[in-house]
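Below is one structure, written out as structure tokens; comments come after it.
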Amino acid sequence: STDPQICIVGSGPAGFGVAQSILKHHPTAKVDMFEQSPVPYGLIRRGVSPDHQDVKNCIHGYERTAVLPGFSFYGNIEVGSALSLVELQAAYHAVVLCTGAQEERKLGIPRENLRNIFTSLQFVGWYNGDTNHQDVNVDVGGRTAVIVGHGNVALDCARMLLKPTHMFKNTDISSEAYNKLMKSEIKKVYLIGRRGPLQMACTRKELAEITDLEGVVTQVDTNVFTPAVNQAINNKDLKRRKQHRLVKYLMKVANVENKYISKEFEIKYLRSPHSITTNDDVTIAGINFNINKLEGDNVYEPLVTSSGELEHISCDLLISCIGYTNKLFDPNIPYKGGKMVHDNGRIKPAQSPGLYASGWCRDGPLGVLADTSNSSTQTSTSVLNDIDDLITNKPSCRGYKDILPTLEEKNIDVITWHRWQTIDEHEVNEGRKVGKVREKLLSEESMIEVSK
Amino acid sequence: MSHRSFSVFRKIFSEFSKLPLRGVAIKQQTAYTHKSELLASLQQVKTFHTTPIVAKDKITINLIDRKGEKHTTSANIDDTILDVVLDNELNFESFGVCEGTVSCSTCHVIFEDGVYSLLEEPLMDEMDMLDLACGLTETSRLGCQVYLTKEMDNCTVTLPREITDARDV
């Protein structure tokens, strides 16, 4: 057959973006999507906060793509172990990697492996029912939590600890996490970053979702609003508007007197993690921070230098939200500065034509859905431009037919789209019984069992 | 009554009066709590709509897509730009993916100066999403938040250009 055989690795927004675009422009294309988990949607399922259900509306578009005749989903197949990239490239005219940025970034400081210290991947995975992170034992019996990082993920984690837990009741939060958070004793949450307010990566909206909470007081040391910062935020620069609106908002809500304080939210700046402290060599007692100074003429991108002084903050729980890094999918894929080396989504080296990438695995873990959409549109345009040549060069590619013997030999229980729909229906029905939008299954075994 | 507050009123009214509401996404509110209901509705109409469908006065709106192609459409007054895109089945790539709930910036459109000045100021939540839009301009808005008026007849609304340059090669 001379119809294009295209394979997408990963079923998050990048993968579905590429699938959507290819099937729209090439009606006879065959698009096969491989996913290592039994269930699709990547970070839309595992990353987006339970109280941000509207963000998940993009799934409706993915569902419309998934039922198109040219599309197939093959879940529970890990590319890299069950199938190699070489095997995929031999079977398909084009292989598009949409595997995301899956590696957690660690703080890299002494005693990081003590109890009740988590990365955002673990903590978010835990409350979002990610099957890979159900074994973490989060203890919310203490009074103080420190969150390292000033991005939206840091704010998601802070919100889980500050927002009344009953407000998550109807969401798709994991029941385990919900029950534990209902008993939370956390009364103070620090959000600590190494630079200043103009360098915060979060959005005003995410910040407001915490500062608007009743009974939560937001504390900021106003010394960080230097004259230079005050001057900068009044510049009418569209590219900096997000930052200016954020800082202006922060100035408005910081340290507002509040009669009924139930929880404290303190944002600290100019602090880099130095070392974990402990009283018993088992559990965290606190964390030392290096106090930084911002120098240089550029108020937006200052030089960060250490003052040499330390500050200790006592805490019972530590979550580091300092971003993800790209997992090196294959040692032959060239990376530079955390991004894949590519030409409009075509992965160099040139000796492997037909290899593409899109989304966070290509561009690094930055940006929102719209950025990933752009990335996917760009990559699928390249695939469509190249596809005739690729078919000419590899006329014998038969797609999934070529892969099937390997999967059968390895006895892999492939989750098709139909089987995922069974899991989906089960989760929605289980949720309905307890008034939730969805009750997620928490193990791959239970997902596979339900889908039979 | 301002145009926006009228729209809000009409939406609330339609909730109770069972006007033929085709869609799911109403600002700050998702009308369907369960996906099965949503899917059932999608199977019937294959799309959603942010405003109720009633017979209305028509105007002409020109939409320029991400590749620079112009689409001239007939549109209902009081509909949103997102509604126009859906009703005319323009099928713009990755447009309006959060279905009008102001949770993404994919329905970002750019207005002509003269028309932009006619529009009401964006609300805080729209500003938040616009901050994240790719290729933000002084006359950028979210298509799901702009309701058409008579004065907008024959105006041209442009989607940000598709990014085709190689980044960080």
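Letters A, B, ... go to the chains of the structure tokens in the order shown; residues in each chain start at 1; ligands are counted from 1 in the same order.
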
With the cut-off set at 8 Å and counting only C-alpha atoms, tabulate each residue of chain A with an atom at most that distance from an atom of chain B, showing the nearest atom pair and its distance in Å to one decimal, ordered by chain and increasing number, as CSV.
residue,atom,partner,partner_atom,distance
A:Gly17,CA,B:Ser94,CA,7.6
A:Ser21,CA,B:Glu93,CA,7.0
A:Asp54,CA,B:Ser103,CA,6.2
A:Val55,CA,B:Ser103,CA,5.4
A:Lys56,CA,B:Cys98,CA,7.1
A:Asn57,CA,B:Cys98,CA,4.9
A:Cys58,CA,B:Val97,CA,4.8
A:Gly61,CA,B:Val97,CA,7.0
A:Thr203,CA,B:Asp128,CA,7.4
A:Arg204,CA,B:Asp128,CA,6.7
A:Lys205,CA,B:Asp128,CA,6.0
A:Leu238,CA,B:Leu136,CA,7.1
A:Lys239,CA,B:Leu136,CA,7.7
A:Arg241,CA,B:Asp131,CA,6.6
A:Lys242,CA,B:Asp131,CA,5.0
A:Val341,CA,B:Val169,CA,5.6
A:His342,CA,B:Val169,CA,5.3
A:Asp343,CA,B:Ala166,CA,5.6
A:Asn344,CA,B:Ala166,CA,4.8
A:Val368,CA,B:Leu132,CA,7.4
A:Leu369,CA,B:Cys104,CA,6.9
A:Ala370,CA,B:Thr106,CA,5.5
A:Asp371,CA,B:Cys134,CA,7.1
A:Ser373,CA,B:Ser94,CA,6.3
A:Asn374,CA,B:Ile163,CA,6.6
A:Thr377,CA,B:Glu162,CA,7.7
A:Gln378,CA,B:Thr164,CA,6.0
A:Val428,CA,B:His34,CA,7.5
A:Val437,CA,B:His34,CA,6.4

query = What residues in segment 156-340 of chain A get the DSSP label alpha helix (DSSP H)? Please answer as a PyMOL selection string.
reply = chain A and resi 156-162+175-182+204-211+227-232+241-253

What would the file look like if the residues just selected were written as a compact mmCIF listing (two decimals), in the first residue's frame with N, CA and C atoms?
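Saved the output as selection37.txt:
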# COMPACT_ATOMS: atom_id res chain seq x y z
N ASP A 156 0.03 25.23 41.77
CA ASP A 156 -0.91 24.10 41.82
C ASP A 156 -0.73 23.34 43.13
N CYS A 157 0.54 23.05 43.46
CA CYS A 157 0.83 22.29 44.69
C CYS A 157 0.42 23.09 45.92
N ALA A 158 0.73 24.39 45.92
CA ALA A 158 0.37 25.24 47.06
C ALA A 158 -1.15 25.27 47.24
N ARG A 159 -1.85 25.36 46.11
CA ARG A 159 -3.31 25.44 46.18
C ARG A 159 -3.92 24.17 46.76
N MET A 160 -3.32 23.01 46.44
CA MET A 160 -3.82 21.75 47.00
C MET A 160 -3.76 21.78 48.53
N LEU A 161 -2.76 22.50 49.06
CA LEU A 161 -2.56 22.53 50.51
C LEU A 161 -3.31 23.68 51.18
N LEU A 162 -3.65 24.73 50.41
CA LEU A 162 -4.28 25.91 51.00
C LEU A 162 -5.79 25.97 50.78
N SER A 175 -9.07 9.55 45.17
CA SER A 175 -9.77 9.47 46.46
C SER A 175 -8.79 9.36 47.61
N GLU A 176 -7.71 8.65 47.35
CA GLU A 176 -6.67 8.48 48.36
C GLU A 176 -6.15 9.85 48.80
N ALA A 177 -5.78 10.67 47.81
CA ALA A 177 -5.26 11.99 48.11
C ALA A 177 -6.31 12.86 48.78
N TYR A 178 -7.54 12.75 48.29
CA TYR A 178 -8.62 13.55 48.86
C TYR A 178 -8.81 13.25 50.35
N ASN A 179 -8.86 11.97 50.67
CA ASN A 179 -9.08 11.58 52.06
C ASN A 179 -7.93 12.04 52.95
N LYS A 180 -6.74 11.95 52.43
CA LYS A 180 -5.59 12.37 53.23
C LYS A 180 -5.58 13.89 53.41
N LEU A 181 -5.85 14.62 52.31
CA LEU A 181 -5.83 16.08 52.40
C LEU A 181 -6.95 16.63 53.28
N MET A 182 -8.05 15.87 53.38
CA MET A 182 -9.14 16.28 54.27
C MET A 182 -8.64 16.37 55.71
N ARG A 204 -0.75 35.42 36.58
CA ARG A 204 -1.55 36.14 37.56
C ARG A 204 -2.77 35.32 37.97
N LYS A 205 -3.35 34.65 36.98
CA LYS A 205 -4.56 33.87 37.24
C LYS A 205 -4.31 32.79 38.30
N GLU A 206 -3.21 32.06 38.14
CA GLU A 206 -2.90 30.99 39.09
C GLU A 206 -2.63 31.56 40.48
N LEU A 207 -1.94 32.69 40.51
CA LEU A 207 -1.66 33.33 41.80
C LEU A 207 -2.97 33.75 42.47
N ALA A 208 -3.86 34.35 41.66
CA ALA A 208 -5.12 34.86 42.20
C ALA A 208 -5.98 33.72 42.76
N GLU A 209 -5.84 32.54 42.20
CA GLU A 209 -6.64 31.42 42.69
C GLU A 209 -6.28 31.07 44.14
N ILE A 210 -5.10 31.49 44.58
CA ILE A 210 -4.74 31.30 45.98
C ILE A 210 -5.05 32.56 46.78
N THR A 211 -4.63 33.71 46.27
CA THR A 211 -4.80 34.94 47.06
C THR A 211 -6.27 35.30 47.25
N PRO A 227 12.64 50.19 43.57
CA PRO A 227 12.29 51.27 42.64
C PRO A 227 12.40 50.82 41.17
N ALA A 228 13.41 50.00 40.88
CA ALA A 228 13.57 49.53 39.50
C ALA A 228 12.39 48.66 39.07
N VAL A 229 11.91 47.81 39.98
CA VAL A 229 10.74 46.97 39.68
C VAL A 229 9.52 47.86 39.48
N ASN A 230 9.34 48.84 40.39
CA ASN A 230 8.21 49.76 40.30
C ASN A 230 8.19 50.52 38.98
N GLN A 231 9.37 50.87 38.52
CA GLN A 231 9.46 51.61 37.27
C GLN A 231 9.14 50.68 36.09
N ALA A 232 9.68 49.49 36.16
CA ALA A 232 9.53 48.54 35.04
C ALA A 232 8.07 48.19 34.78
N ARG A 241 3.91 42.15 29.32
CA ARG A 241 2.64 42.48 29.97
C ARG A 241 2.26 41.47 31.04
N LYS A 242 2.46 40.18 30.74
CA LYS A 242 2.13 39.12 31.69
C LYS A 242 2.84 39.39 33.02
N GLN A 243 4.13 39.72 32.93
CA GLN A 243 4.96 39.94 34.11
C GLN A 243 4.51 41.18 34.87
N HIS A 244 4.25 42.25 34.12
CA HIS A 244 3.85 43.51 34.76
C HIS A 244 2.51 43.36 35.49
N ARG A 245 1.56 42.69 34.84
CA ARG A 245 0.25 42.51 35.47
C ARG A 245 0.38 41.65 36.73
N LEU A 246 1.24 40.65 36.66
CA LEU A 246 1.45 39.77 37.80
C LEU A 246 1.99 40.55 39.00
N VAL A 247 3.03 41.35 38.76
CA VAL A 247 3.67 42.07 39.88
C VAL A 247 2.72 43.13 40.44
N LYS A 248 2.02 43.84 39.54
CA LYS A 248 1.05 44.84 40.02
C LYS A 248 0.00 44.19 40.91
N TYR A 249 -0.46 43.01 40.49
CA TYR A 249 -1.48 42.30 41.25
C TYR A 249 -0.91 41.88 42.61
N LEU A 250 0.32 41.40 42.58
CA LEU A 250 0.97 40.94 43.81
C LEU A 250 1.09 42.09 44.82
N MET A 251 1.45 43.28 44.33
CA MET A 251 1.56 44.44 45.21
C MET A 251 0.22 44.76 45.86
N LYS A 252 -0.85 44.53 45.10
CA LYS A 252 -2.19 44.85 45.59
C LYS A 252 -2.63 43.87 46.69
N VAL A 253 -2.31 42.59 46.50
CA VAL A 253 -2.86 41.59 47.43
C VAL A 253 -1.92 41.25 48.59

Spatial neighbours of Cys202 of chain A, 7 Å, only C-alpha atoms, chain gap at least 5 places, as a PyMOL selection string = chain A and resi 150-152

Using N, CA, C and O atoms, can you write the selected residues to a file as a JSON list (two decimals), in the first residue's frame?
[["chain", "number", "residue", "atom", "x", "y", "z"],
["A", 150, "HIS", "N", 8.61, 29.02, 41.56],
["A", 150, "HIS", "CA", 7.65, 30.11, 41.41],
["A", 150, "HIS", "C", 6.82, 29.97, 40.13],
["A", 150, "HIS", "O", 6.33, 30.95, 39.59],
["A", 151, "GLY", "N", 6.69, 28.75, 39.64],
["A", 151, "GLY", "CA", 5.91, 28.53, 38.41],
["A", 151, "GLY", "C", 4.49, 28.10, 38.73],
["A", 151, "GLY", "O", 4.08, 28.02, 39.89],
["A", 152, "ASN", "N", 3.72, 27.84, 37.69],
["A", 152, "ASN", "CA", 2.33, 27.43, 37.88],
["A", 152, "ASN", "C", 2.19, 26.08, 38.57],
["A", 152, "ASN", "O", 1.23, 25.85, 39.29]]

message = I'd like the interatomic distance between atom CA of Ala91 of chain A and atom CA of Arg45 of chain A, to a tenth of an Å.
response =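 Answer for the atom CA of Ala91 of chain A to atom CA of Arg45 of chain A separation: 29.3 Å.
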
Quick one: residues within 9 Å of segment 391-394 of chain A, only C-alpha atoms, excluding same-chain residues fewer than 4 positions away - as a JSON list (two decimals) with C-alpha atoms, in the first residue's frame?
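Written file, selection_29.json:
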[["chain", "number", "residue", "atom", "x", "y", "z"],
["A", 2, "THR", "CA", 1.23, 3.50, -0.76],
["A", 3, "ASP", "CA", -0.87, 5.25, 1.85],
["A", 4, "PRO", "CA", 1.31, 7.08, 4.37],
["A", 5, "GLN", "CA", 2.01, 5.02, 7.49],
["A", 90, "ALA", "CA", 11.46, 0.32, 9.78],
["A", 92, "TYR", "CA", 6.56, 3.45, 9.37],
["A", 93, "HIS", "CA", 7.29, 6.12, 6.78],
["A", 386, "ASP", "CA", 8.11, 15.14, 3.20],
["A", 387, "ILE", "CA", 5.68, 12.24, 3.05]]

remark   = Judged by only C-alpha atoms, the minimum distance to Val85 of chain B among B:Leu148, B:Leu63, B:Glu112, B:Gly68 is found for B:Leu63

request  = Mind listing the strand (DSSP E or B) residues of segment 188-342 of chain A, per DSSP on the backbone, as a VMD selection string?
outcome  = chain A and resid 188 to 192 216 to 220 263 to 268 271 to 278 283 to 295 303 to 314 317 to 320 324 to 325 335 to 336 339 to 340 342

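By only C-alpha atoms, and with residues fewer than 6 positions from Val18 of chain A along its chain excluded, the set lying at most 8 Å from it is Ile8, Ser358, Ser376, Thr377, Thr379 and Ser380 of chain A.
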
Keeping only C-alpha atoms, write the selected residues as a compact mmCIF listing (two decimals), in the first residue's frame.
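See out.txt below for the written result:
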# COMPACT_ATOMS: atom_id res chain seq x y z
CA ILE A 8 3.15 9.02 16.83
CA SER A 358 6.79 17.86 18.68
CA SER A 376 2.44 20.30 16.47
CA THR A 377 1.18 22.32 13.51
CA THR A 379 5.89 19.42 12.81
CA SER A 380 2.87 17.99 10.99

ask   = Could you pull the residues within 12 Å of Ile284 of chain A, counting only C-alpha atoms, minus those fewer than 6 positions along the same chain, as a list in words?
value = Pro110, Arg111, Glu112, Asn113, Leu114, Arg115, Asn116, Ile117, Phe118, Asp139, Gly142, Thr144, Ala145, Val146, Ser275, Ile276, Thr277, Thr278, Ile313, Ser314, Cys315, Asp316, Leu317, Leu318 and Ile319 of chain A
